[in-house]
Amino acid sequence: MPSKIAHILASDDAVGSEELEAAIIYLDEKLQDAARRNEPVPFLAFRNKVIFRATLRLRSDSFRQQPDRPS
């Protein structure tokens, strides 16, 4: 399921890569904070971080696979 969501987000131009990167940083901090407090891992934070990272990976893979365009 996260893979399907990542593919949808990767193809959505309305979701910027910078926004995804910022969200990943925020979610990382949230997970680290829970670890410092010895609390359970917030599942949605972990899940969304995995989805957002996969989305960025798909975008970068897609960018690398695009043929060179003539100038």
# chains A, B, ... in the order shown; residues from 1 in each chain; ligands from 1
>>> select_by_dssp(residues="chain A", states="helix (DSSP H, G or I)", output="JSON, numbers by chain")
{"A": [2, 3, 4, 5, 6, 7, 8, 9, 10, 17, 18, 19, 20, 21, 22, 23, 24, 25, 26, 27, 28, 29, 30, 31, 32, 33, 34, 35, 36, 43, 44, 45, 46, 47, 48, 49, 50, 51, 52, 53, 54, 55, 56, 57, 58, 59, 60, 61, 62, 63, 64, 65]}
>>> write_last_selection(atoms="N, CA and C atoms", output="compact mmCIF listing (two decimals), in the first residue's frame")
# COMPACT_ATOMS: atom_id res chain seq x y z
N PRO A 2 1.90 1.37 0.84
CA PRO A 2 2.73 2.58 0.79
C PRO A 2 3.37 2.77 -0.58
N SER A 3 3.70 1.69 -1.25
CA SER A 3 4.30 1.79 -2.58
C SER A 3 3.33 2.43 -3.57
N LYS A 4 2.08 2.04 -3.49
CA LYS A 4 1.06 2.59 -4.39
C LYS A 4 0.89 4.09 -4.14
N ILE A 5 0.85 4.46 -2.88
CA ILE A 5 0.70 5.87 -2.51
C ILE A 5 1.92 6.67 -2.98
N ALA A 6 3.10 6.09 -2.83
CA ALA A 6 4.32 6.78 -3.26
C ALA A 6 4.31 7.01 -4.76
N HIS A 7 3.84 6.04 -5.52
CA HIS A 7 3.75 6.21 -6.98
C HIS A 7 2.77 7.33 -7.35
N ILE A 8 1.66 7.40 -6.63
CA ILE A 8 0.68 8.45 -6.89
C ILE A 8 1.28 9.82 -6.58
N LEU A 9 1.95 9.94 -5.44
CA LEU A 9 2.56 11.21 -5.06
C LEU A 9 3.69 11.60 -6.00
N ALA A 10 4.45 10.62 -6.44
CA ALA A 10 5.58 10.91 -7.32
C ALA A 10 5.13 11.53 -8.64
N SER A 17 8.83 18.48 -4.23
CA SER A 17 9.89 17.70 -3.59
C SER A 17 10.42 18.41 -2.34
N GLU A 18 10.47 19.75 -2.39
CA GLU A 18 10.93 20.49 -1.21
C GLU A 18 9.98 20.29 -0.03
N GLU A 19 8.70 20.23 -0.33
CA GLU A 19 7.71 19.99 0.73
C GLU A 19 7.89 18.60 1.32
N LEU A 20 8.15 17.63 0.46
CA LEU A 20 8.37 16.27 0.95
C LEU A 20 9.62 16.20 1.83
N GLU A 21 10.68 16.87 1.40
CA GLU A 21 11.91 16.88 2.19
C GLU A 21 11.68 17.51 3.56
N ALA A 22 10.95 18.61 3.59
CA ALA A 22 10.64 19.28 4.86
C ALA A 22 9.79 18.38 5.75
N ALA A 23 8.85 17.68 5.16
CA ALA A 23 8.00 16.77 5.93
C ALA A 23 8.82 15.62 6.50
N ILE A 24 9.77 15.12 5.72
CA ILE A 24 10.62 14.03 6.21
C ILE A 24 11.45 14.49 7.40
N ILE A 25 11.98 15.69 7.33
CA ILE A 25 12.76 16.23 8.45
C ILE A 25 11.88 16.35 9.69
N TYR A 26 10.68 16.89 9.52
CA TYR A 26 9.75 17.04 10.64
C TYR A 26 9.42 15.67 11.25
N LEU A 27 9.10 14.70 10.41
CA LEU A 27 8.74 13.37 10.90
C LEU A 27 9.92 12.68 11.57
N ASP A 28 11.12 12.90 11.04
CA ASP A 28 12.33 12.36 11.66
C ASP A 28 12.48 12.90 13.08
N GLU A 29 12.27 14.21 13.22
CA GLU A 29 12.37 14.83 14.54
C GLU A 29 11.32 14.26 15.49
N LYS A 30 10.14 14.05 14.98
CA LYS A 30 9.05 13.49 15.80
C LYS A 30 9.40 12.07 16.27
N LEU A 31 9.96 11.28 15.38
CA LEU A 31 10.36 9.92 15.74
C LEU A 31 11.52 9.92 16.73
N GLN A 32 12.48 10.81 16.52
CA GLN A 32 13.61 10.91 17.45
C GLN A 32 13.17 11.38 18.82
N ASP A 33 12.21 12.29 18.85
CA ASP A 33 11.67 12.78 20.12
C ASP A 33 10.99 11.65 20.88
N ALA A 34 10.24 10.83 20.19
CA ALA A 34 9.58 9.69 20.83
C ALA A 34 10.63 8.71 21.37
N ALA A 35 11.70 8.51 20.63
CA ALA A 35 12.75 7.60 21.08
C ALA A 35 13.44 8.15 22.33
N ARG A 36 13.69 9.47 22.36
CA ARG A 36 14.32 10.08 23.54
C ARG A 36 13.45 9.95 24.78
N PHE A 43 3.16 5.44 14.76
CA PHE A 43 3.05 4.66 13.53
C PHE A 43 2.83 5.53 12.30
N LEU A 44 1.92 6.48 12.38
CA LEU A 44 1.63 7.31 11.20
C LEU A 44 2.83 8.15 10.79
N ALA A 45 3.60 8.61 11.77
CA ALA A 45 4.80 9.38 11.44
C ALA A 45 5.80 8.48 10.71
N PHE A 46 5.97 7.27 11.19
CA PHE A 46 6.88 6.34 10.54
C PHE A 46 6.39 5.98 9.14
N ARG A 47 5.12 5.67 9.03
CA ARG A 47 4.53 5.28 7.73
C ARG A 47 4.66 6.41 6.71
N ASN A 48 4.32 7.62 7.11
CA ASN A 48 4.39 8.75 6.18
C ASN A 48 5.83 9.05 5.77
N LYS A 49 6.76 8.91 6.69
CA LYS A 49 8.17 9.12 6.37
C LYS A 49 8.62 8.11 5.31
N VAL A 50 8.22 6.85 5.47
CA VAL A 50 8.56 5.82 4.49
C VAL A 50 7.97 6.16 3.13
N ILE A 51 6.72 6.59 3.11
CA ILE A 51 6.05 6.95 1.85
C ILE A 51 6.73 8.13 1.19
N PHE A 52 7.05 9.16 1.96
CA PHE A 52 7.66 10.36 1.39
C PHE A 52 9.06 10.07 0.86
N ARG A 53 9.83 9.26 1.56
CA ARG A 53 11.17 8.89 1.07
C ARG A 53 11.05 8.09 -0.22
N ALA A 54 10.11 7.17 -0.26
CA ALA A 54 9.91 6.38 -1.48
C ALA A 54 9.50 7.28 -2.64
N THR A 55 8.68 8.27 -2.36
CA THR A 55 8.25 9.22 -3.39
C THR A 55 9.44 9.97 -3.97
N LEU A 56 10.30 10.47 -3.10
CA LEU A 56 11.50 11.19 -3.57
C LEU A 56 12.41 10.26 -4.37
N ARG A 57 12.54 9.02 -3.92
CA ARG A 57 13.37 8.05 -4.64
C ARG A 57 12.81 7.79 -6.04
N LEU A 58 11.49 7.63 -6.12
CA LEU A 58 10.86 7.41 -7.42
C LEU A 58 11.08 8.60 -8.35
N ARG A 59 10.95 9.80 -7.81
CA ARG A 59 11.17 10.99 -8.62
C ARG A 59 12.60 11.08 -9.11
N SER A 60 13.55 10.80 -8.25
CA SER A 60 14.95 10.89 -8.68
C SER A 60 15.28 9.79 -9.68
N ASP A 61 14.73 8.58 -9.50
CA ASP A 61 14.93 7.50 -10.47
C ASP A 61 14.31 7.86 -11.81
N SER A 62 13.13 8.46 -11.77
CA SER A 62 12.45 8.86 -12.99
C SER A 62 13.24 9.94 -13.72
N PHE A 63 13.80 10.87 -12.96
CA PHE A 63 14.59 11.95 -13.55
C PHE A 63 15.83 11.39 -14.24
N ARG A 64 16.48 10.42 -13.60
CA ARG A 64 17.69 9.82 -14.17
C ARG A 64 17.40 9.03 -15.43
N GLN A 65 16.19 8.47 -15.53
CA GLN A 65 15.86 7.62 -16.65
C GLN A 65 15.34 8.40 -17.86
